[in-house]
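Visitor: mmCIF, C-alpha atoms and all ligand atoms, saved as model07.cif, coming up:
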```cif
data_target
loop_
_atom_site.label_atom_id
_atom_site.label_comp_id
_atom_site.auth_asym_id
_atom_site.auth_seq_id
_atom_site.Cartn_x
_atom_site.Cartn_y
_atom_site.Cartn_z
CA MET A 1 134.95 -255.15 38.52
CA GLN A 2 137.65 -257.52 39.79
CA LYS A 3 138.47 -258.51 36.26
CA VAL A 4 138.79 -254.88 35.26
CA LEU A 5 141.20 -254.28 38.12
CA LEU A 6 143.09 -257.37 37.06
CA VAL A 7 143.47 -256.00 33.55
CA ILE A 8 144.96 -252.78 34.87
CA LEU A 9 147.22 -254.64 37.30
CA VAL A 10 148.47 -256.99 34.62
CA LEU A 11 149.16 -254.07 32.34
CA LEU A 12 150.98 -252.07 34.98
CA LEU A 13 153.11 -255.03 36.08
CA GLY A 14 153.77 -255.95 32.49
CA GLY A 15 155.00 -252.46 31.77
CA MET A 16 157.89 -252.62 34.23
CA GLY A 17 161.23 -253.79 32.91
CA THR A 18 159.86 -256.24 30.40
CA THR A 19 161.59 -257.00 27.15
CA TYR A 20 159.31 -256.90 24.18
CA ALA A 21 158.78 -259.72 21.72
CA GLN A 22 159.07 -259.53 17.96
CA ASP A 23 155.70 -258.80 16.42
CA PRO A 24 154.81 -261.83 14.26
CA GLY A 25 153.70 -261.24 10.65
CA ILE A 26 152.83 -257.69 9.59
CA PRO A 27 153.45 -254.97 12.23
CA ASP A 28 150.35 -254.39 14.35
CA THR A 29 149.26 -250.78 14.18
CA VAL A 30 147.33 -248.29 16.32
CA ASN A 31 146.14 -245.10 14.62
CA PHE A 32 143.07 -242.92 14.18
CA GLY A 33 140.38 -242.45 11.58
CA GLU A 34 138.73 -239.21 10.53
CA CYS A 35 137.81 -237.04 13.52
CA GLN A 36 134.40 -235.47 13.02
CA SER A 37 133.43 -232.41 15.03
CA TYR A 38 130.49 -230.08 15.49
CA VAL A 39 131.32 -226.84 17.29
CA ILE A 40 128.99 -223.87 17.63
CA ALA A 41 129.23 -220.38 19.06
CA GLU A 42 126.94 -219.24 21.82
CA GLY A 43 127.57 -215.70 22.91
CA ASP A 44 131.31 -215.40 23.46
CA SER A 45 131.87 -219.09 24.01
CA LEU A 46 132.31 -222.03 21.69
CA TYR A 47 131.23 -225.54 22.49
CA GLY A 48 130.50 -228.84 20.82
CA LYS A 49 131.66 -232.41 20.42
CA VAL A 50 134.17 -234.41 18.41
CA LYS A 51 134.16 -238.14 17.69
CA VAL A 52 137.61 -239.75 17.46
CA PRO A 53 137.87 -243.31 16.08
CA LEU A 54 140.81 -245.35 17.45
CA ARG A 55 141.81 -247.94 14.87
CA ILE A 56 143.78 -251.13 15.53
CA PHE A 57 145.24 -253.56 13.03
CA ASN A 58 146.27 -256.95 14.45
CA ASP A 59 147.10 -259.84 12.13
CA GLU A 60 147.31 -262.35 14.97
CA SER A 61 144.89 -262.92 17.81
CA LEU A 62 145.63 -261.02 21.04
CA GLY A 63 145.29 -261.60 24.76
CA ILE A 64 145.34 -258.01 26.02
CA ILE A 65 145.25 -254.55 24.48
CA GLY A 66 146.43 -251.62 26.64
CA ILE A 67 146.65 -248.18 25.08
CA CYS A 68 147.45 -245.05 27.07
CA LEU A 69 146.80 -241.83 25.19
CA LYS A 70 147.38 -238.18 25.88
CA TRP A 71 145.62 -235.35 24.10
CA GLU A 72 146.30 -231.67 23.56
CA GLY A 73 143.82 -228.96 22.67
CA PRO A 74 140.44 -227.69 23.94
CA LEU A 75 138.97 -231.12 24.72
CA ASN A 76 137.47 -232.89 27.71
CA PHE A 77 136.78 -236.60 27.46
CA ASP A 78 133.03 -237.24 27.54
CA SER A 79 132.34 -240.89 26.77
CA GLY A 80 133.61 -243.87 24.84
CA PHE A 81 132.58 -247.26 23.54
CA PHE A 82 134.26 -250.33 22.08
CA TYR A 83 133.25 -251.09 18.51
CA GLY A 84 133.51 -253.77 15.83
CA SER A 85 133.66 -257.53 15.67
CA ARG A 86 136.50 -257.79 18.24
CA VAL A 87 134.10 -256.61 20.96
CA ASP A 88 132.55 -260.09 21.07
CA SER A 89 135.88 -261.65 22.09
CA ILE A 90 136.57 -259.21 24.94
CA ASP A 91 135.52 -260.27 28.41
CA ALA A 92 137.06 -257.45 30.46
CA SER A 93 137.53 -253.83 29.47
CA ASN A 94 137.83 -250.37 30.92
CA PHE A 95 138.84 -246.84 29.93
CA PRO A 96 139.72 -244.72 32.97
CA PHE A 97 140.44 -241.11 31.98
CA ASP A 98 141.63 -237.91 33.60
CA ASN A 99 140.72 -234.52 32.15
CA ASP A 100 143.34 -232.69 34.26
CA SER A 101 146.30 -234.60 32.85
CA LYS A 102 144.38 -235.15 29.55
CA THR A 103 145.02 -238.88 29.52
CA ILE A 104 143.02 -242.04 28.97
CA ALA A 105 143.98 -245.71 29.38
CA ILE A 106 141.97 -247.99 27.09
CA THR A 107 142.29 -251.61 28.20
CA ALA A 108 140.62 -254.77 26.93
CA GLY A 109 141.40 -258.45 27.31
CA ASN A 110 140.25 -262.01 27.03
CA PHE A 111 140.80 -264.03 30.20
CA SER A 112 138.52 -266.98 29.54
CA GLY A 113 140.94 -269.00 27.44
CA GLY A 114 140.02 -267.37 24.15
CA ALA A 115 141.59 -264.42 22.37
CA ILE A 116 140.76 -261.08 20.78
CA LEU A 117 140.44 -262.03 17.13
CA GLN A 118 142.54 -260.61 14.31
CA ASP A 119 140.88 -257.68 12.60
CA THR A 120 141.40 -254.17 11.30
CA GLY A 121 139.44 -250.95 11.65
CA VAL A 122 137.81 -249.01 14.45
CA PHE A 123 138.20 -250.61 17.87
CA PHE A 124 137.08 -247.77 20.14
CA PHE A 125 135.24 -244.48 19.68
CA MET A 126 136.14 -241.54 21.91
CA ILE A 127 133.69 -238.66 22.28
CA PHE A 128 135.17 -235.41 23.56
CA GLN A 129 133.49 -232.18 24.61
CA VAL A 130 135.02 -229.29 22.68
CA PHE A 131 135.31 -225.85 24.25
CA ASP A 132 137.16 -223.92 21.55
CA THR A 133 138.18 -224.09 17.91
CA GLY A 134 141.75 -224.76 16.78
CA ILE A 135 144.16 -227.67 16.53
CA ALA A 136 143.90 -230.76 18.71
CA LYS A 137 146.27 -233.71 18.91
CA ILE A 138 146.11 -237.24 20.25
CA ASP A 139 149.36 -239.02 20.99
CA THR A 140 150.68 -241.89 23.04
CA ARG A 141 151.39 -241.11 26.65
CA PHE A 142 154.27 -243.56 26.73
CA ALA A 143 157.05 -241.00 26.55
CA VAL A 144 155.79 -238.87 29.43
CA ALA A 145 154.62 -241.64 31.76
CA PRO A 146 156.50 -244.91 31.29
CA GLU A 147 154.32 -246.65 33.86
CA CYS A 148 151.31 -246.16 31.65
CA PRO A 149 150.86 -249.02 29.20
CA PHE A 150 151.12 -248.86 25.49
CA TYR A 151 151.34 -252.39 24.23
CA ILE A 152 149.46 -255.49 23.30
CA TYR A 153 149.89 -259.09 24.37
CA SER A 154 149.71 -261.86 21.83
CA SER A 155 147.55 -264.80 22.85
CA GLN A 156 150.89 -266.56 23.66
CA ASP A 157 151.45 -263.83 26.31
CA GLU A 158 154.21 -262.13 24.35
CA GLN A 159 154.35 -258.39 24.82
CA ILE A 160 154.47 -256.33 21.63
CA ILE A 161 154.64 -252.56 21.04
CA PRO A 162 152.45 -251.74 18.04
CA VAL A 163 153.33 -249.11 15.46
CA PHE A 164 151.61 -245.88 16.47
CA GLU A 165 150.53 -242.90 14.40
CA ALA A 166 149.50 -239.77 16.30
CA LYS A 167 146.64 -237.63 14.99
CA LEU A 168 146.29 -233.91 14.47
CA PHE A 169 142.85 -232.54 13.71
CA ASN A 170 141.21 -229.18 13.29
CA LEU A 171 138.16 -228.01 15.25
CA VAL A 172 136.17 -225.58 13.13
CA LYS A 173 133.11 -223.56 14.04
CA SER A 174 129.89 -224.57 12.29
CA GLU A 175 127.34 -221.95 11.22
CA THR A 176 124.47 -224.43 11.60
CA ILE A 177 122.64 -224.07 14.89
CA PRO A 178 121.53 -227.26 16.67
CA GLY A 179 118.03 -228.30 15.64
CA ASP A 180 117.96 -226.20 12.45
CA LEU A 181 117.56 -228.90 9.82
CA ASN A 182 116.48 -226.74 6.85
CA GLY A 183 119.22 -224.17 7.35
CA ASN A 184 117.01 -221.07 7.77
CA ASN A 185 118.59 -220.15 11.12
CA LEU A 186 115.34 -220.84 12.98
CA VAL A 187 114.37 -223.88 15.01
CA ASN A 188 110.65 -224.48 14.59
CA SER A 189 108.01 -227.05 13.63
CA GLU A 190 109.37 -227.28 10.07
CA ASP A 191 112.54 -228.80 11.52
CA VAL A 192 110.47 -231.24 13.58
CA ILE A 193 108.74 -232.46 10.41
CA ILE A 194 112.10 -232.92 8.64
CA LEU A 195 113.32 -234.98 11.60
CA ILE A 196 110.15 -237.11 11.68
CA ASN A 197 110.45 -237.71 7.93
CA PHE A 198 114.03 -238.84 8.45
CA LEU A 199 113.28 -241.19 11.35
CA PHE A 200 109.98 -242.68 10.28
CA ARG A 201 109.59 -242.11 6.52
CA ASN A 202 113.15 -242.79 5.39
CA GLN A 203 113.47 -239.31 3.86
CA TYR A 204 116.81 -237.60 4.38
CA GLN A 205 116.75 -233.96 3.36
CA GLY A 206 120.50 -233.42 3.53
CA PHE A 207 120.74 -231.75 6.95
CA LEU A 208 123.88 -231.78 9.11
CA LEU A 209 123.46 -235.02 11.10
CA PRO A 210 124.87 -233.84 14.47
CA ALA A 211 122.50 -230.84 14.31
CA ALA A 212 119.62 -233.34 14.52
CA ASP A 213 121.03 -235.04 17.62
CA VAL A 214 119.57 -232.28 19.77
CA ASN A 215 119.88 -234.12 23.09
CA SER A 216 123.56 -234.88 22.30
CA ASP A 217 123.57 -238.62 23.02
CA CYS A 218 125.30 -239.40 19.69
CA ARG A 219 122.20 -241.01 18.17
CA ILE A 220 119.24 -239.64 16.26
CA ARG A 221 116.09 -241.12 17.73
CA LEU A 222 112.54 -240.43 18.84
CA SER A 223 113.94 -238.81 21.99
CA ASP A 224 115.38 -236.04 19.78
CA VAL A 225 111.93 -235.39 18.25
CA ILE A 226 110.46 -235.12 21.74
CA TYR A 227 113.32 -232.89 22.88
CA LEU A 228 112.81 -230.59 19.89
CA ILE A 229 109.04 -230.40 20.39
CA ASN A 230 109.51 -229.58 24.08
CA PHE A 231 111.93 -226.81 23.18
CA ILE A 232 109.66 -225.27 20.54
CA PHE A 233 106.32 -225.59 22.30
CA LYS A 234 107.20 -225.75 25.99
CA ALA A 235 110.32 -223.53 26.01
CA SER A 236 112.32 -226.30 27.67
CA GLU A 237 116.09 -226.76 27.32
CA ARG A 238 117.53 -225.58 24.00
CA PRO A 239 119.03 -228.02 21.45
CA LYS A 240 122.66 -228.97 22.14
CA PRO A 241 125.40 -229.61 19.58
CA GLY A 242 125.17 -233.33 18.92
CA CYS A 243 127.61 -236.10 18.07
CA ALA A 244 125.62 -238.33 15.67
CA PHE A 245 128.06 -237.96 12.77
CA CA B 1 151.58 -258.65 13.67
CA CA B 2 114.97 -224.35 10.63
CA CA B 3 120.01 -237.92 20.25
#
```
Would you write the structure of this file as structure tokens?

Guide:
Amino acid sequence: MQKVLLVILVLLLGGMGTTYAQDPGIPDTVNFGECQSYVIAEGDSLYGKVKVPLRIFNDESLGIIGICLKWEGPLNFDSGFFYGSRVDSIDASNFPFDNDSKTIAITAGNFSGGAILQDTGVFFFMIFQVFDTGIAKIDTRFAVAPECPFYIYSSQDEQIIPVFEAKLFNLVKSETIPGDLNGNNLVNSEDVIILINFLFRNQYQGFLLPAADVNSDCRIRLSDVIYLINFIFKASERPKPGCAF
């Protein structure tokens, strides 16, 4: 926990009145991959989840990454996880968020004498709860809150502002109800068999993947089979819109 606090402190101090270094080599870049969503209607309300991949390109090794983001649209941050080969070279990380101001600060660093290795691709996955359809946007928070970091440190402790590309994406209602894997608008034992075949017999019958993540933990596992069986035969909690895209 102390290390995490240190990361934030270093980032906040670093953000005040510092001049930025020239980015060596190719410009380092922060942008987003395809945002996949699953939104369903229930009565008058809409709800679901969207998975937003944050991508980073860095052609030199880094000491610290600090990325403050702000989003617009019908989203509440739900959960997040660091991803990819750079994770192994991080020894302190955190992602405090605030759903009132719609902001998140993703911070990661190496403080043990090593560095975050050069790489490209997804660095962090954000999962948001969706409560309506329409347009959503993720942008840097830098312009509205200068104290919030948006920069990286090279492993020589030089502060660099990466190139940033904001992301607009569309949240569309799905007609597939959670747990209905054969698309007949019913959730019953036929769907359980399709899920078992997928998990244990390597047979994928083309269903919408997040519809099979009925407990909405972003993975399709035995716990989803159990959840589905309990719903069908014991009338327990109904399937939720999942996030296993
Ligand atoms: Ca560079
Ligand atoms: Ca069905
Ligand atoms: Ca699941």

Visitor: Quick one: everything within 7 Å of Ile160 of chain A, counting only C-alpha atoms, minus sequence neighbours fewer than 2 positions away in the same chain. Send it as a PyMOL selection string.

Guide: chain A and resi 20-23+151-153+158+162

Visitor: Using 12 Å as the limit and counting all atoms listed in the file, can you tabulate each residue of chain A that touches ligand CA 3 (chain B), with its shortest atom-to-atom distance in Å and the two atoms involved, as CSV?

Guide:
```
residue,atom,partner,partner_atom,distance
A:Pro178,CA,B:CA3,CA,11.3
A:Gly179,CA,B:CA3,CA,10.8
A:Leu195,CA,B:CA3,CA,11.3
A:Leu199,CA,B:CA3,CA,11.6
A:Leu209,CA,B:CA3,CA,10.2
A:Pro210,CA,B:CA3,CA,8.6
A:Ala211,CA,B:CA3,CA,9.6
A:Ala212,CA,B:CA3,CA,7.3
A:Asp213,CA,B:CA3,CA,4.0
A:Val214,CA,B:CA3,CA,5.7
A:Asn215,CA,B:CA3,CA,4.7
A:Ser216,CA,B:CA3,CA,5.1
A:Asp217,CA,B:CA3,CA,4.6
A:Cys218,CA,B:CA3,CA,5.5
A:Arg219,CA,B:CA3,CA,4.3
A:Ile220,CA,B:CA3,CA,4.4
A:Arg221,CA,B:CA3,CA,5.7
A:Leu222,CA,B:CA3,CA,8.0
A:Ser223,CA,B:CA3,CA,6.4
A:Asp224,CA,B:CA3,CA,5.0
A:Val225,CA,B:CA3,CA,8.7
A:Ile226,CA,B:CA3,CA,10.1
A:Tyr227,CA,B:CA3,CA,8.8
A:Leu228,CA,B:CA3,CA,10.3
A:Pro239,CA,B:CA3,CA,10.0
A:Lys240,CA,B:CA3,CA,9.5
A:Pro241,CA,B:CA3,CA,9.9
A:Gly242,CA,B:CA3,CA,7.0
A:Cys243,CA,B:CA3,CA,8.1
A:Ala244,CA,B:CA3,CA,7.3
A:Phe245,CA,B:CA3,CA,11.0
```

Visitor: Around ligand CA 2 (chain B), which protein and nucleic acid residues have at least one atom no more than 7 Å from it, if we count only C-alpha atoms and all ligand atoms? List them as an mmCIF file with C-alpha atoms, in the coordinates of the input.

Guide:
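Result file follows (pocket-v3.cif):
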```cif
data_model
loop_
_atom_site.group_PDB
_atom_site.id
_atom_site.type_symbol
_atom_site.label_atom_id
_atom_site.label_comp_id
_atom_site.auth_asym_id
_atom_site.auth_seq_id
_atom_site.Cartn_x
_atom_site.Cartn_y
_atom_site.Cartn_z
ATOM 1 C CA ASP A 180 117.960 -226.200 12.450
ATOM 2 C CA LEU A 181 117.560 -228.900 9.820
ATOM 3 C CA ASN A 182 116.480 -226.740 6.850
ATOM 4 C CA GLY A 183 119.220 -224.170 7.350
ATOM 5 C CA ASN A 184 117.010 -221.070 7.770
ATOM 6 C CA ASN A 185 118.590 -220.150 11.120
ATOM 7 C CA LEU A 186 115.340 -220.840 12.980
ATOM 8 C CA VAL A 187 114.370 -223.880 15.010
ATOM 9 C CA ASN A 188 110.650 -224.480 14.590
ATOM 10 C CA GLU A 190 109.370 -227.280 10.070
ATOM 11 C CA ASP A 191 112.540 -228.800 11.520
#
```

Visitor: Would you mind listing the residues within 10 Å of ligand CA 1 (chain B), counting only C-alpha atoms and all ligand atoms, as a list in words?

Guide: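 These are the residues that qualify: Gln22, Asp23, Pro24, Gly25, Ile26, Pro27, Asp28, Thr29, Phe57, Asn58, Asp59, Glu60, Ser61, Leu62, Gln118, Ser154, Ile160, Pro162 and Val163 of chain A.
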
Visitor: Next, dump the selected residues to file, keeping only C-alpha atoms, as a PDB file, keeping the file's coordinate frame.

Guide:
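So the final result, stored in out_20.pdb, reads:
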```pdb
ATOM      1  CA  GLN A  22     159.070-259.530  17.960  1.00  0.00           C
ATOM      2  CA  ASP A  23     155.700-258.800  16.420  1.00  0.00           C
ATOM      3  CA  PRO A  24     154.810-261.830  14.260  1.00  0.00           C
ATOM      4  CA  GLY A  25     153.700-261.240  10.650  1.00  0.00           C
ATOM      5  CA  ILE A  26     152.830-257.690   9.590  1.00  0.00           C
ATOM      6  CA  PRO A  27     153.450-254.970  12.230  1.00  0.00           C
ATOM      7  CA  ASP A  28     150.350-254.390  14.350  1.00  0.00           C
ATOM      8  CA  THR A  29     149.260-250.780  14.180  1.00  0.00           C
ATOM      9  CA  PHE A  57     145.240-253.560  13.030  1.00  0.00           C
ATOM     10  CA  ASN A  58     146.270-256.950  14.450  1.00  0.00           C
ATOM     11  CA  ASP A  59     147.100-259.840  12.130  1.00  0.00           C
ATOM     12  CA  GLU A  60     147.310-262.350  14.970  1.00  0.00           C
ATOM     13  CA  SER A  61     144.890-262.920  17.810  1.00  0.00           C
ATOM     14  CA  LEU A  62     145.630-261.020  21.040  1.00  0.00           C
ATOM     15  CA  GLN A 118     142.540-260.610  14.310  1.00  0.00           C
ATOM     16  CA  SER A 154     149.710-261.860  21.830  1.00  0.00           C
ATOM     17  CA  ILE A 160     154.470-256.330  21.630  1.00  0.00           C
ATOM     18  CA  PRO A 162     152.450-251.740  18.040  1.00  0.00           C
ATOM     19  CA  VAL A 163     153.330-249.110  15.460  1.00  0.00           C
TER      20      VAL A 163
END
```

Visitor: Using all atoms listed in the file for the distances, tell me which of A:Val172, A:Val52, A:Val87, A:Ile138 is nearest to Asp119 of chain A.

Guide: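 Closest residue, counting all atoms listed in the file: A:Val87.
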
Visitor: Which residues are close to Phe128 of chain A, i.e. within 6 Å by all atoms listed in the file, leaving aside same-chain residues fewer than 3 positions away? Reply as a list in words.

Guide: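 Contacts, in chain order: Lys49, Val50, Leu75, Asn76, Phe77 and Asp78 of chain A.
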
Visitor: Print the selection's residues with C-alpha atoms to a file, as a JSON list (two decimals), in the frame of the given file.

Guide:
```json
[["chain", "number", "residue", "atom", "x", "y", "z"],
["A", 49, "LYS", "CA", 131.66, -232.41, 20.42],
["A", 50, "VAL", "CA", 134.17, -234.41, 18.41],
["A", 75, "LEU", "CA", 138.97, -231.12, 24.72],
["A", 76, "ASN", "CA", 137.47, -232.89, 27.71],
["A", 77, "PHE", "CA", 136.78, -236.60, 27.46],
["A", 78, "ASP", "CA", 133.03, -237.24, 27.54]]
```

Visitor: Could you tell me how far atom CA of Ile116 of chain A sits from atom CA of Lys167 of chain A, in Å to one decimal place?

Guide: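 Here the two named atoms are 24.9 Å from each other.
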
Visitor: May I have the protein, DNA and RNA residues with any atom at most 10 Å from the point (145.1, -236.8, 31.5), counting only C-alpha atoms, written as a PyMOL selection string?

Guide: chain A and resi 68-72+76-77+96-105+141

Visitor: Counting only C-alpha atoms, which residue out of A:Ser189, A:Ala108, A:Ile194, A:Leu208 sits closest to Ile232 of chain A?

Guide: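 Among A:Ser189, A:Ala108, A:Ile194, A:Leu208, it is A:Ser189 that comes nearest to Ile232 of chain A.
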
Visitor: So the first atom is atom CA of Ser37 of chain A and the second is atom CA of Ile135 of chain A; what is the distance between them in Å, to one decimal place?

Guide: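 Computing the Euclidean distance for atom CA of Ser37 of chain A and atom CA of Ile135 of chain A yields 11.8 Å.
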
Visitor: Report, in Å to a single decimal, how far apart atom CA of Pro74 of chain A and atom CA of Arg55 of chain A are.

Guide: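 One can read the atom CA of Arg55 of chain A to atom CA of Pro74 of chain A distance as 22.2 Å.
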
Visitor: Kindly indicate which residue among A:Gly84, A:Gly48, A:Gly206, A:Gly63 lies nearest to Phe125 of chain A, using all atoms listed in the file for the distances.

Guide: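 Answer, going by the shortest atom-to-atom distance: A:Gly84.
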
Visitor: Excluding Thr133 of chain A and any residue of its chain fewer than 3 positions from it, enumerate the residues within 9 Å of it, using all atoms listed in the file, and give them as a list of chain:residue names.

Guide: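 Using all atoms listed in the file, the neighbours found are A:Val39, A:Leu46, A:Tyr47, A:Gly73, A:Pro74, A:Val130, A:Ala136, A:Asn170, A:Leu171, A:Val172, A:Lys173.
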
Visitor: Just want the 10 Å neighbourhood of Gly113 of chain A, counted on only C-alpha atoms, with same-chain residues fewer than 2 positions away dropped. Output as a list of chain:residue names.

Guide: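 Everything that qualifies: A:Gly63, A:Asn110, A:Phe111, A:Ala115, A:Ser155.
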
Visitor: Env of Ser174 of chain A: 9 Å cut, atoms = only C-alpha atoms, seq-sep filter 2 positions within chain, self excluded. Answer as a list in words.

Guide: Tyr38, Val39, Ile40, Ala41, Val172, Thr176 and Ile177 of chain A
